[in-house]
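Novice: If it helps, the file is called work_29.tsv and holds TSV, C-alpha atoms and all ligand atoms:
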chain	number	residue	atom	x	y	z
A	1	MET	CA	122.72	116.74	95.05
A	2	ASN	CA	120.74	114.20	97.07
A	3	ILE	CA	117.18	113.24	96.11
A	4	LEU	CA	115.62	115.58	98.68
A	5	GLU	CA	117.71	118.52	97.52
A	6	SER	CA	116.92	117.75	93.93
A	7	LEU	CA	113.19	117.57	94.62
A	8	GLU	CA	113.32	120.84	96.53
A	9	SER	CA	115.49	122.63	94.01
A	10	LYS	CA	113.71	125.37	92.11
A	11	ASN	CA	114.15	123.96	88.64
A	12	ARG	CA	112.34	120.76	89.69
A	13	MET	CA	109.18	122.67	90.59
A	14	LEU	CA	106.44	123.67	88.17
A	15	PRO	CA	107.05	127.31	87.18
A	16	GLU	CA	104.30	129.79	87.98
A	17	LYS	CA	103.67	130.44	84.28
A	18	TYR	CA	102.05	127.02	83.77
A	19	ARG	CA	99.87	127.37	86.85
A	20	ASN	CA	98.35	130.50	85.39
A	21	MET	CA	97.54	129.10	81.96
A	22	SER	CA	94.02	127.96	81.02
A	23	VAL	CA	93.34	124.39	79.89
A	24	ASP	CA	92.92	125.62	76.31
A	25	GLU	CA	96.26	127.41	76.39
A	26	LEU	CA	98.01	124.38	77.83
A	27	GLU	CA	96.44	122.01	75.30
A	28	ASN	CA	97.34	124.30	72.40
A	29	LEU	CA	100.90	124.54	73.64
A	30	VAL	CA	101.23	120.75	73.83
A	31	ARG	CA	99.67	120.29	70.37
A	32	ASP	CA	101.92	122.91	68.90
A	33	ILE	CA	105.13	121.41	70.33
A	34	LYS	CA	104.13	117.91	69.24
A	35	ALA	CA	103.52	119.14	65.69
A	36	LYS	CA	106.84	121.02	65.60
A	37	MET	CA	108.93	118.18	67.01
A	38	GLY	CA	107.32	115.36	65.02
A	39	LYS	CA	109.10	112.02	65.31
A	40	LYS	CA	111.92	113.50	67.38
A	41	LEU	CA	109.53	113.40	70.30
A	42	PHE	CA	107.82	110.31	71.74
A	43	ILE	CA	105.26	110.40	74.55
A	44	PRO	CA	104.46	106.98	76.06
A	45	GLY	CA	101.53	106.97	78.51
A	46	HIS	CA	100.68	104.32	81.10
A	47	HIS	CA	97.02	103.28	81.31
A	48	TYR	CA	96.77	104.75	84.82
A	49	GLN	CA	97.51	108.30	83.62
A	50	LYS	CA	94.86	111.00	83.69
A	51	ASP	CA	92.74	111.62	80.57
A	52	GLU	CA	94.12	115.15	80.27
A	53	VAL	CA	97.55	113.58	79.74
A	54	ILE	CA	96.69	110.33	77.96
A	55	GLN	CA	94.97	112.28	75.13
A	56	PHE	CA	98.44	113.42	74.05
A	57	ALA	CA	100.23	110.05	74.34
A	58	ASP	CA	101.75	108.66	71.14
A	59	ALA	CA	101.31	105.17	72.56
A	60	THR	CA	99.51	103.84	75.60
A	61	GLY	CA	100.18	100.59	77.37
A	62	ASP	CA	100.85	98.65	80.53
A	63	SER	CA	104.35	98.51	81.93
A	64	LEU	CA	105.38	95.58	79.68
A	65	LYS	CA	104.19	97.23	76.49
A	66	LEU	CA	105.81	100.54	77.39
A	67	ALA	CA	109.12	98.76	78.11
A	68	GLN	CA	108.90	96.98	74.72
A	69	LEU	CA	108.07	100.23	72.92
A	70	SER	CA	111.00	102.00	74.55
A	71	ALA	CA	113.35	99.21	73.50
A	72	ASP	CA	112.07	99.34	69.91
A	73	ASN	CA	112.01	103.10	69.41
A	74	LYS	CA	115.22	104.25	67.77
A	75	ASP	CA	113.82	107.45	66.18
A	76	ALA	CA	112.85	109.66	69.08
A	77	GLU	CA	115.59	111.83	70.53
A	78	HIS	CA	113.33	112.89	73.39
A	79	ILE	CA	111.05	110.55	75.32
A	80	VAL	CA	108.71	112.35	77.68
A	81	PHE	CA	107.47	109.52	79.87
A	82	CYS	CA	103.96	109.83	81.26
A	83	GLY	CA	104.05	107.23	83.97
A	84	VAL	CA	106.07	106.83	87.16
A	85	HIS	CA	109.77	107.02	87.98
A	86	PHE	CA	110.65	103.32	87.65
A	87	MET	CA	109.04	103.22	84.18
A	88	ALA	CA	111.09	106.21	83.02
A	89	GLU	CA	114.25	104.57	84.40
A	90	THR	CA	113.39	101.40	82.47
A	91	ALA	CA	112.93	103.46	79.30
A	92	ASP	CA	116.31	105.09	79.84
A	93	ILE	CA	118.02	101.73	80.35
A	94	LEU	CA	116.49	100.30	77.18
A	95	THR	CA	117.14	103.27	74.89
A	96	THR	CA	120.39	104.42	73.29
A	97	GLU	CA	122.95	106.95	74.51
A	98	ASN	CA	121.56	109.55	72.09
A	99	GLN	CA	118.03	109.36	73.45
A	100	ARG	CA	116.93	111.32	76.50
A	101	VAL	CA	114.15	110.35	78.85
A	102	TYR	CA	112.23	112.93	80.90
A	103	LEU	CA	109.68	112.56	83.68
A	104	PRO	CA	107.33	115.59	83.72
A	105	ASP	CA	107.16	115.59	87.52
A	106	MET	CA	110.02	114.08	89.52
A	107	ARG	CA	107.62	113.44	92.42
A	108	ALA	CA	105.84	110.77	90.37
A	109	GLY	CA	107.25	107.78	92.22
A	110	CYS	CA	105.62	104.50	93.23
A	111	SER	CA	104.94	103.67	96.87
A	112	MET	CA	105.51	99.98	96.16
A	113	ALA	CA	108.91	100.59	94.53
A	114	ASP	CA	109.82	102.63	97.62
A	115	MET	CA	109.29	99.57	99.82
A	116	ALA	CA	112.60	98.03	98.73
A	117	ASP	CA	115.93	99.79	98.45
A	118	ILE	CA	119.25	98.39	97.33
A	119	TYR	CA	120.76	98.35	100.85
A	120	GLN	CA	117.87	96.33	102.21
A	121	THR	CA	118.13	94.03	99.19
A	122	GLU	CA	121.83	93.36	99.72
A	123	ARG	CA	121.23	92.74	103.42
A	124	ALA	CA	118.36	90.37	102.62
A	125	TRP	CA	120.44	88.48	100.10
A	126	GLU	CA	123.24	87.90	102.61
A	127	PHE	CA	120.75	86.75	105.22
A	128	LEU	CA	118.98	84.40	102.80
A	129	GLN	CA	122.24	82.93	101.49
A	130	VAL	CA	123.07	81.93	105.06
A	131	LEU	CA	119.67	80.24	105.43
A	132	PHE	CA	119.37	78.61	102.00
A	133	GLY	CA	122.82	78.67	100.37
A	134	ASP	CA	123.12	79.20	96.63
A	135	THR	CA	119.62	77.94	95.82
A	136	ILE	CA	117.80	81.22	95.17
A	137	LEU	CA	117.13	83.18	91.98
A	138	PRO	CA	116.01	86.80	92.42
A	139	LEU	CA	113.09	88.13	90.36
A	140	THR	CA	111.98	91.71	90.62
A	141	TYR	CA	108.72	93.25	89.53
A	142	VAL	CA	109.54	96.16	87.19
A	143	ASN	CA	108.07	98.35	89.94
A	144	SER	CA	111.49	98.65	91.54
A	145	THR	CA	114.53	100.92	91.37
A	146	ALA	CA	117.17	100.56	88.66
A	147	ALA	CA	119.64	99.60	91.41
A	148	ILE	CA	117.50	96.60	92.38
A	149	LYS	CA	117.08	95.57	88.75
A	150	SER	CA	120.85	95.76	88.45
A	151	PHE	CA	121.35	93.59	91.54
A	152	VAL	CA	118.89	91.04	90.16
A	153	GLY	CA	120.59	91.04	86.74
A	154	ALA	CA	124.00	90.53	88.32
A	155	ASN	CA	122.68	87.53	90.25
A	156	GLY	CA	121.26	85.72	87.21
A	157	GLY	CA	117.68	86.89	87.69
A	158	ALA	CA	115.19	88.88	85.67
A	159	THR	CA	112.46	91.45	85.89
A	160	VAL	CA	108.78	90.58	85.57
A	161	THR	CA	105.61	92.53	84.91
A	162	SER	CA	102.08	91.56	85.80
A	163	SER	CA	101.59	90.43	82.16
A	164	ASN	CA	104.37	87.86	82.16
A	165	ALA	CA	104.82	86.99	85.83
A	166	GLU	CA	103.72	83.35	85.43
A	167	LYS	CA	106.11	82.72	82.58
A	168	MET	CA	108.97	84.36	84.48
A	169	VAL	CA	108.30	82.42	87.70
A	170	ARG	CA	108.31	79.14	85.75
A	171	TRP	CA	111.57	80.21	84.12
A	172	ALA	CA	113.07	81.03	87.54
A	173	PHE	CA	112.30	77.50	88.72
A	174	SER	CA	114.09	76.10	85.66
A	175	GLN	CA	117.21	77.95	86.91
A	176	LYS	CA	117.17	77.46	90.69
A	177	GLU	CA	115.32	75.62	93.43
A	178	ARG	CA	113.90	78.76	95.09
A	179	LEU	CA	113.10	82.32	94.19
A	180	LEU	CA	113.13	85.66	95.91
A	181	PHE	CA	110.33	87.87	94.56
A	182	LEU	CA	110.61	91.64	95.09
A	183	PRO	CA	108.99	93.96	96.01
A	184	ASP	CA	105.28	92.99	95.73
A	185	GLN	CA	104.32	90.10	97.97
A	186	HIS	CA	100.83	89.91	96.43
A	187	LEU	CA	101.87	89.58	92.79
A	188	GLY	CA	104.50	87.04	93.88
A	189	ARG	CA	102.04	85.03	95.96
A	190	ASN	CA	99.23	85.09	93.40
A	191	THR	CA	101.56	84.09	90.59
A	192	ALA	CA	103.29	81.27	92.48
A	193	PHE	CA	99.90	79.97	93.66
A	194	ASN	CA	98.65	79.90	90.04
A	195	ILE	CA	101.48	77.64	88.98
A	196	GLY	CA	100.80	75.18	91.80
A	197	ILE	CA	103.05	76.32	94.67
A	198	GLY	CA	101.32	75.93	98.01
A	199	LEU	CA	100.82	78.88	100.33
A	200	ASP	CA	102.64	76.78	102.93
A	201	GLU	CA	105.71	76.80	100.67
A	202	MET	CA	105.94	80.59	100.63
A	203	ALA	CA	107.82	82.62	103.22
A	204	VAL	CA	107.73	86.38	103.65
A	205	TYR	CA	110.93	88.38	104.06
A	206	ASN	CA	110.42	91.43	106.30
A	207	PRO	CA	112.98	94.06	105.24
A	208	ILE	CA	112.39	96.33	108.23
A	209	GLU	CA	113.22	93.67	110.80
A	210	ASN	CA	115.48	91.57	108.54
A	211	ILE	CA	113.60	88.40	109.41
A	212	LEU	CA	111.89	85.58	107.56
A	213	GLU	CA	108.24	85.09	108.47
A	214	PHE	CA	107.55	81.37	108.07
A	215	ASP	CA	106.09	78.57	110.19
A	216	GLY	CA	107.57	75.20	109.32
A	217	PRO	CA	110.80	73.56	108.21
A	218	LEU	CA	112.97	75.83	106.02
A	219	GLU	CA	113.52	73.06	103.39
A	220	LYS	CA	109.88	73.52	102.48
A	221	VAL	CA	110.33	77.13	101.34
A	222	LYS	CA	110.17	77.55	97.57
A	223	VAL	CA	109.25	81.21	97.27
A	224	ILE	CA	110.46	84.10	99.41
A	225	LEU	CA	108.15	87.09	99.07
A	226	TRP	CA	109.42	90.58	99.84
A	227	LYS	CA	107.04	92.26	102.28
A	228	GLY	CA	105.92	95.11	99.99
A	229	HIS	CA	102.61	96.00	98.42
A	230	CYS	CA	100.78	98.52	96.25
A	231	SER	CA	98.95	101.03	98.42
A	232	VAL	CA	96.28	101.37	95.73
A	233	HIS	CA	95.50	97.70	95.07
A	234	GLU	CA	95.65	96.73	98.74
A	235	ASN	CA	92.52	98.84	99.19
A	236	PHE	CA	90.32	96.22	97.54
A	237	THR	CA	88.94	93.95	100.24
A	238	VAL	CA	86.90	90.80	100.72
A	239	GLU	CA	84.15	93.06	102.11
A	240	ASN	CA	84.04	94.88	98.74
A	241	ILE	CA	83.57	91.51	97.06
A	242	ALA	CA	80.83	90.48	99.49
A	243	ASP	CA	79.02	93.79	98.83
A	244	VAL	CA	79.07	93.29	95.06
A	245	ARG	CA	77.94	89.64	95.36
A	246	ARG	CA	75.04	90.75	97.58
A	247	THR	CA	73.89	93.80	95.60
A	248	ASN	CA	74.79	92.67	92.05
A	249	PRO	CA	74.93	88.87	91.94
A	250	ASP	CA	75.27	88.85	88.12
A	251	MET	CA	78.24	91.19	88.10
A	252	LYS	CA	81.64	89.70	87.18
A	253	ILE	CA	84.53	90.72	89.40
A	254	ILE	CA	87.93	91.22	87.75
A	255	VAL	CA	91.02	92.35	89.68
A	256	HIS	CA	94.72	93.11	89.22
A	257	PRO	CA	97.10	90.52	90.78
A	258	GLU	CA	98.58	93.24	93.02
A	259	CYS	CA	95.43	92.69	95.10
A	260	ARG	CA	95.66	90.47	98.19
A	261	ARG	CA	95.45	86.69	97.74
A	262	GLU	CA	92.02	86.43	99.39
A	263	VAL	CA	90.60	89.11	97.08
A	264	VAL	CA	91.99	87.40	93.98
A	265	ALA	CA	90.69	84.03	95.20
A	266	LEU	CA	87.14	85.36	95.57
A	267	SER	CA	87.13	87.22	92.23
A	268	ASP	CA	85.98	85.73	88.93
A	269	MET	CA	89.05	86.80	87.00
A	270	ALA	CA	92.47	88.29	87.75
A	271	GLY	CA	95.15	89.63	85.47
A	272	SER	CA	97.35	92.51	84.41
A	273	THR	CA	96.14	95.94	83.35
A	274	ASN	CA	96.14	94.77	79.76
A	275	TYR	CA	94.25	91.60	80.60
A	276	ILE	CA	91.56	93.65	82.32
A	277	ILE	CA	91.20	96.03	79.35
A	278	GLU	CA	90.95	93.14	76.87
A	279	ALA	CA	88.42	91.27	79.01
A	280	ILE	CA	86.14	94.32	79.15
A	281	GLU	CA	86.54	94.96	75.42
A	282	ALA	CA	85.71	91.36	74.56
A	283	SER	CA	82.67	91.19	76.84
A	284	PRO	CA	79.13	91.33	75.41
A	285	LYS	CA	76.89	94.40	75.47
A	286	GLY	CA	74.94	94.67	78.68
A	287	SER	CA	77.50	92.74	80.74
A	288	ALA	CA	78.21	93.97	84.26
A	289	TRP	CA	81.68	94.35	85.83
A	290	ALA	CA	83.24	95.37	89.12
A	291	ILE	CA	86.90	96.19	88.48
A	292	GLY	CA	89.64	96.11	91.09
A	293	THR	CA	92.36	98.34	89.72
A	294	GLU	CA	93.48	101.96	89.50
A	295	MET	CA	90.67	104.51	89.24
A	296	ASN	CA	91.81	106.57	86.21
A	297	LEU	CA	91.70	103.35	84.18
A	298	VAL	CA	88.36	102.24	85.64
A	299	ASN	CA	86.82	105.65	84.84
A	300	ARG	CA	88.20	105.48	81.29
A	301	LEU	CA	86.72	102.00	80.79
A	302	ILE	CA	83.37	103.26	82.09
A	303	ALA	CA	83.46	106.14	79.56
A	304	GLN	CA	84.58	103.91	76.68
A	305	HIS	CA	81.90	101.26	77.27
A	306	PRO	CA	78.57	103.01	77.84
A	307	ASP	CA	76.82	99.80	76.71
A	308	LYS	CA	78.21	97.92	79.76
A	309	HIS	CA	77.61	98.37	83.45
A	310	ILE	CA	81.03	98.98	84.99
A	311	VAL	CA	81.85	100.05	88.55
A	312	SER	CA	84.92	100.12	90.76
A	313	LEU	CA	85.07	97.13	93.08
A	314	ASN	CA	85.71	99.63	95.88
A	315	PRO	CA	83.27	102.55	95.51
A	316	HIS	CA	85.50	104.79	97.64
A	317	MET	CA	88.65	104.21	95.61
A	318	CYS	CA	91.01	107.05	94.63
A	319	PRO	CA	93.41	107.16	91.67
A	320	CYS	CA	97.10	106.35	92.21
A	321	LEU	CA	98.36	109.61	93.71
A	322	THR	CA	101.84	109.38	92.24
A	323	MET	CA	100.61	108.56	88.73
A	324	ASN	CA	98.31	111.59	89.09
A	325	ARG	CA	101.23	113.92	89.67
A	326	ILE	CA	101.77	113.96	85.92
A	327	ASP	CA	99.15	116.46	84.81
A	328	LEU	CA	98.59	118.71	81.82
A	329	GLN	CA	100.58	121.55	83.39
A	330	HIS	CA	103.63	119.36	84.03
A	331	LEU	CA	103.38	117.84	80.56
A	332	ALA	CA	103.30	121.30	78.96
A	333	TRP	CA	106.26	122.41	81.09
A	334	SER	CA	108.25	119.32	80.23
A	335	LEU	CA	107.62	119.62	76.50
A	336	GLU	CA	108.45	123.31	76.40
A	337	SER	CA	111.69	122.67	78.31
A	338	VAL	CA	112.61	119.94	75.82
A	339	MET	CA	111.89	122.27	72.89
A	340	GLU	CA	114.06	124.96	74.43
A	341	GLY	CA	116.90	122.51	74.98
A	342	GLN	CA	116.77	122.73	78.79
A	343	GLU	CA	117.90	119.80	80.92
A	344	THR	CA	114.81	119.64	83.12
A	345	ASN	CA	113.70	116.44	84.83
A	346	ILE	CA	115.98	114.12	82.90
A	347	ILE	CA	116.02	110.51	84.07
A	348	LYS	CA	119.49	109.09	83.70
A	349	VAL	CA	120.57	105.78	85.16
A	350	ASP	CA	124.35	105.60	85.61
A	351	GLU	CA	126.16	103.24	83.27
A	352	ASN	CA	127.27	100.73	85.90
A	353	THR	CA	123.76	100.29	87.21
A	354	ALA	CA	122.24	100.28	83.74
A	355	THR	CA	124.44	97.44	82.42
A	356	ASN	CA	123.19	94.76	84.81
A	357	ALA	CA	119.68	96.20	84.99
A	358	LYS	CA	119.52	95.81	81.22
A	359	LEU	CA	120.50	92.15	81.58
A	360	ALA	CA	117.53	91.60	83.90
A	361	LEU	CA	115.16	93.46	81.57
A	362	GLU	CA	116.41	91.70	78.45
A	363	ARG	CA	115.98	88.28	80.01
A	364	MET	CA	112.33	89.23	80.51
A	365	LEU	CA	111.85	90.80	77.08
A	366	GLU	CA	113.30	87.71	75.36
A	367	LEU	CA	110.82	85.46	77.15
A	368	SER	CA	107.81	87.79	76.68
B	1	LIG	P1	100.98	96.90	84.88
B	1	LIG	O1	102.20	96.01	84.85
B	1	LIG	O2	99.74	96.11	84.81
B	1	LIG	O3	101.09	97.98	83.88
B	1	LIG	O4	100.94	97.58	86.30
B	1	LIG	C1	101.84	98.57	86.66
B	1	LIG	C2	101.46	99.14	87.93
B	1	LIG	O5	102.05	100.03	88.45
B	1	LIG	C3	100.32	98.52	88.57
B	1	LIG	O6	100.05	99.10	89.75
B	2	LIG	FE1	102.89	101.96	92.26
B	2	LIG	FE2	100.51	100.98	92.94
B	2	LIG	FE3	100.68	103.38	91.78
B	2	LIG	FE4	101.18	101.13	90.39
B	2	LIG	S1	99.24	101.76	91.28
B	2	LIG	S2	102.37	103.01	90.35
B	2	LIG	S3	102.17	99.86	91.98
B	2	LIG	S4	101.51	102.80	93.80
What do you get writing this file as C-alpha cells?
Ligand code: 13P
Ligand code: SF4
Specialist:
Amino acid sequence: MNILESLESKNRMLPEKYRNMSVDELENLVRDIKAKMGKKLFIPGHHYQKDEVIQFADATGDSLKLAQLSADNKDAEHIVFCGVHFMAETADILTTENQRVYLPDMRAGCSMADMADIYQTERAWEFLQVLFGDTILPLTYVNSTAAIKSFVGANGGATVTSSNAEKMVRWAFSQKERLLFLPDQHLGRNTAFNIGIGLDEMAVYNPIENILEFDGPLEKVKVILWKGHCSVHENFTVENIADVRRTNPDMKIIVHPECRREVVALSDMAGSTNYIIEAIEASPKGSAWAIGTEMNLVNRLIAQHPDKHIVSLNPHMCPCLTMNRIDLQHLAWSLESVMEGQETNIIKVDENTATNAKLALERMLELS
C-alpha cells in the first residue's frame, strides 16, 4: 500500500463514533484508558501540541527531550506519540522490538521534513561529491524522514535538534572539512553563523533544480545548506520586529532558530523551544516578551505567565497545522484502538533503515 492509499484507507480515518462524542465523554474515555493501562502506556507530547492533548501527556518536551525519553523508556509496551510523523519514527527507532509506537493521526506530518526525500538526498550527495570530493559530513535536523537519517548515519554523520545544533556542527567540523545540513537552511545558517562561519562561506543546495547556489570560488564553501524551511517559522519577518520595536520598545524579542537569519539577527535572543520556555520562566514579573515560535506554545506561555506581558511576534500567526491534526478525538481513538489490540496507525521503520538511522541518532544522543 503506498502512502496515498494508506492515508485514504478507511481504517486510517477517524471513525464517526469519535466525531459524535462530547468533550467530556472523550476526556473521560482517555482518563479511563490511561488508568487501566498504567505503565504499559506512555504518551509523550511535543510542546507544540494543543492543550486538549497536552493535558494527557505523561511527559512533555522538545524534540531532543522526547527522543531521549523514548530511548530511556523500557517499560511502556505502547507509545502513543503526540507530535508529528518524524518524531514518532524517531521513537520507534530508539525503542525495542517489543514496544509499539502509534501516531494518532497519520496526516500529522511536517512540511519541512517533506522538503527533502531520500532520492533527492542521494542525487545531491552524488552531485556534491563531484564538486567537493570526500570532504563533506552530512548532518540532518531530526525533522527529516527515517530514510534520510539512515543515509546520514551510513555516511558517518548525525542528527541534530535545535537544542544541540551548535555542538553537533562543531563536532561535524572535527570530522570533515565541510558539512551538508538538511533540511532546514535557516537552522543550519543560524547555527553555523553562531560558531563563526561567514555567510559568504555558506552555499545553498537547491534540490528541485539540483544546483548549488553560491557566488564565489568553491574552495570557500564550508557549509552546504539544503533549501528547505519551516512554513510556520518563516512567517516571522523583519517587519514584525520593526513593529514591536516601534510600539513596545521595552519588549524583548525571542525567536526559534528556524526563523530566517535576518529575523534572528534583529532579535534579542534565539534558541530552541526549550530555551524559549526556560527564558520566559526565568524572567522577572512584569517583563514583556514577543515570541517567534509556534502558536500553541505561545498561547500556553501566555496562560502560564499572567504576571508577564507576552505576545506573538507575528500577531496574525496560526498554529502548526500538522501538529494540530492530533486532537482529542484522534487521541481517544488511538488509545481505544490500542486497548482493543487493534493495529491502527502504527509507525514502524523497517529494520534496514532503522539500523543506520539509529547510528545517526545515537551519535547525537551521546554528545547531548
Ligand atoms: P524543537 O527541536 O525545538 O522541539 O523543534 C521541533 C520543531 O518541529 C520546531 O518547529
Ligand atoms: Fe514542521 Fe515547522 Fe510544524 Fe515544526 S513547526 S513540525 S518544523 S512545520
Novice: Restricting the calculation to all atoms listed in the file: of A:Cys318, A:Val84, A:Ile241, A:Val169, which residue gets closest to Ile195 in chain A?
Specialist: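 Comparing A:Cys318, A:Val84, A:Ile241, A:Val169 against Ile195 in chain A, the winner is A:Val169.
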Novice: At a cut-off of 8 Å and counting only C-alpha atoms and all ligand atoms, what residues surround ligand LIG 2 (chain B)? Please answer as a PDB file with C-alpha atoms, in the coordinates of the input.
Specialist:
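Heads up, here's the output in selection-v6.pdb:
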ATOM      1  CA  TYR A  48      96.770 104.750  84.820  1.00  0.00           C
ATOM      2  CA  GLY A  83     104.050 107.230  83.970  1.00  0.00           C
ATOM      3  CA  VAL A  84     106.070 106.830  87.160  1.00  0.00           C
ATOM      4  CA  GLY A 109     107.250 107.780  92.220  1.00  0.00           C
ATOM      5  CA  CYS A 110     105.620 104.500  93.230  1.00  0.00           C
ATOM      6  CA  SER A 111     104.940 103.670  96.870  1.00  0.00           C
ATOM      7  CA  MET A 112     105.510  99.980  96.160  1.00  0.00           C
ATOM      8  CA  ALA A 113     108.910 100.590  94.530  1.00  0.00           C
ATOM      9  CA  ASN A 143     108.070  98.350  89.940  1.00  0.00           C
ATOM     10  CA  HIS A 229     102.610  96.000  98.420  1.00  0.00           C
ATOM     11  CA  CYS A 230     100.780  98.520  96.250  1.00  0.00           C
ATOM     12  CA  SER A 231      98.950 101.030  98.420  1.00  0.00           C
ATOM     13  CA  VAL A 232      96.280 101.370  95.730  1.00  0.00           C
ATOM     14  CA  HIS A 233      95.500  97.700  95.070  1.00  0.00           C
ATOM     15  CA  GLU A 258      98.580  93.240  93.020  1.00  0.00           C
ATOM     16  CA  THR A 293      92.360  98.340  89.720  1.00  0.00           C
ATOM     17  CA  GLU A 294      93.480 101.960  89.500  1.00  0.00           C
ATOM     18  CA  PRO A 319      93.410 107.160  91.670  1.00  0.00           C
ATOM     19  CA  CYS A 320      97.100 106.350  92.210  1.00  0.00           C
ATOM     20  CA  LEU A 321      98.360 109.610  93.710  1.00  0.00           C
ATOM     21  CA  THR A 322     101.840 109.380  92.240  1.00  0.00           C
ATOM     22  CA  MET A 323     100.610 108.560  88.730  1.00  0.00           C
TER      23      MET A 323
END
Novice: Per residue of chain A within 6 Å of ligand LIG 1 (chain B), record the nearest atom pair and its distance in Å to one decimal, counting only C-alpha atoms and all ligand atoms, with rows in chain order and ascending residue number, as a tab-separated table.
Specialist:
residue	atom	partner	partner_atom	distance
A:Asp62	CA	B:LIG1	O3	3.4
A:Ser63	CA	B:LIG1	O3	3.8
A:Thr161	CA	B:LIG1	O1	4.9
A:Ser162	CA	B:LIG1	O1	4.6
A:Ser272	CA	B:LIG1	O2	4.3
A:Thr273	CA	B:LIG1	O2	3.9
Novice: So which residues touch Asp215 in chain A within 12 Å, counting all atoms listed in the file, skipping near sequence neighbours fewer than 5 positions away, as a PyMOL selection string?
Specialist: chain A and resi 199-204+220-221
Novice: What are the nearest atom pairs, with distances in Å to one decimal, for all residues of range 267-361 of chain A that come at most 10 Å from range 52-56 of chain A, using all atoms listed in the file, set out by chain and rising residue number as JSON lines?
Specialist:
{"residue": "A:Asn324", "atom": "CA", "partner": "A:Val53", "partner_atom": "CA", "distance": 9.6}
{"residue": "A:Ile326", "atom": "CA", "partner": "A:Val53", "partner_atom": "CA", "distance": 7.5}
{"residue": "A:Asp327", "atom": "CA", "partner": "A:Val53", "partner_atom": "CA", "distance": 6.0}
{"residue": "A:Leu328", "atom": "CA", "partner": "A:Val53", "partner_atom": "CA", "distance": 5.6}
{"residue": "A:Gln329", "atom": "CA", "partner": "A:Val53", "partner_atom": "CA", "distance": 9.3}
{"residue": "A:His330", "atom": "CA", "partner": "A:Val53", "partner_atom": "CA", "distance": 9.4}
{"residue": "A:Leu331", "atom": "CA", "partner": "A:Val53", "partner_atom": "CA", "distance": 7.3}
{"residue": "A:Ala332", "atom": "CA", "partner": "A:Val53", "partner_atom": "CA", "distance": 9.7}
Novice: Rank nothing, just name the residue among A:Ser334, A:Thr90, A:Asn194, A:Ser312 nearest to Ile43 in chain A, using only C-alpha atoms.
Specialist: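 Under the stated criterion, the closest residue is A:Ser334.
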Novice: Would you list the residues near (86.0, 93.3, 85.9) (no more than 10 Å away, in the coordinates of the file, using only C-alpha atoms) as a list in words?
Specialist: Met251, Lys252, Ile253, Ile254, Val255, His256, Ser267, Asp268, Met269, Ala270, Gly271, Tyr275, Ile276, Ile277, Ala279, Ile280, Ser283, Ser287, Ala288, Trp289, Ala290, Ile291, Gly292, Thr293, Val298, Ile310, Val311, Ser312 and Leu313 of chain A
Novice: Which one of A:Ala192, A:Leu361, A:Ile79, A:Ile211 sits closest to Ser144 in chain A if you count only C-alpha atoms?
Specialist: A:Leu361
Novice: What's around Trp171 in chain A at 12 Å? Count all atoms listed in the file, leave out sequence neighbours fewer than 4 positions away in its own chain, and write the answer as an NGL selection string.
Specialist: :A and (137-139 or 156-160 or 164-167 or 175-179 or 192 or 195 or 363-364 or 366-368)
Novice: In Å, how far is it from CA of Ala91 in chain A to CA of Glu77 in chain A?
Specialist: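 Those two atoms sit 12.4 Å apart.
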Novice: Considering all atoms listed in the file, can you say which of A:Ser163, A:Ser150, A:Gln185, A:Ser174 comes closest to Asn352 in chain A?
Specialist: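 Checking each candidate against Asn352 in chain A, we get A:Ser150 as the closest.
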Novice: When distances are computed from only C-alpha atoms, which of A:Arg245, A:Arg325, A:Lys34, A:His78 shows the smallest separation from Met13 in chain A?
Specialist: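 For Met13 in chain A, the nearest of the candidates is A:Arg325.
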Novice: For a quick check of understanding, using only C-alpha atoms, which of A:Leu225, A:Phe214, A:Asn345, A:Ser22 has the smallest distance to Met106 in chain A?
Specialist: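 The closest residue to Met106 in chain A is A:Asn345.
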Novice: Do a neighbour search on Ile208 in chain A at 10 Å with all atoms listed in the file, toss out local chain neighbours closer than 3 positions, and write the hits as a VMD selection string.
Specialist: chain A and resid 115 to 116 120 205 211 227
Novice: Could you check how far CA of Asn206 in chain A sits from CA of Asn235 in chain A, in Å to one decimal?
Specialist: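 Going from CA of Asn206 in chain A over to CA of Asn235 in chain A covers 20.6 Å.
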Novice: Distance CA of Gly45 in chain A-CA of Ala57 in chain A, one decimal place?
Specialist: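 Distance reported for this atom pair: 5.3 Å.
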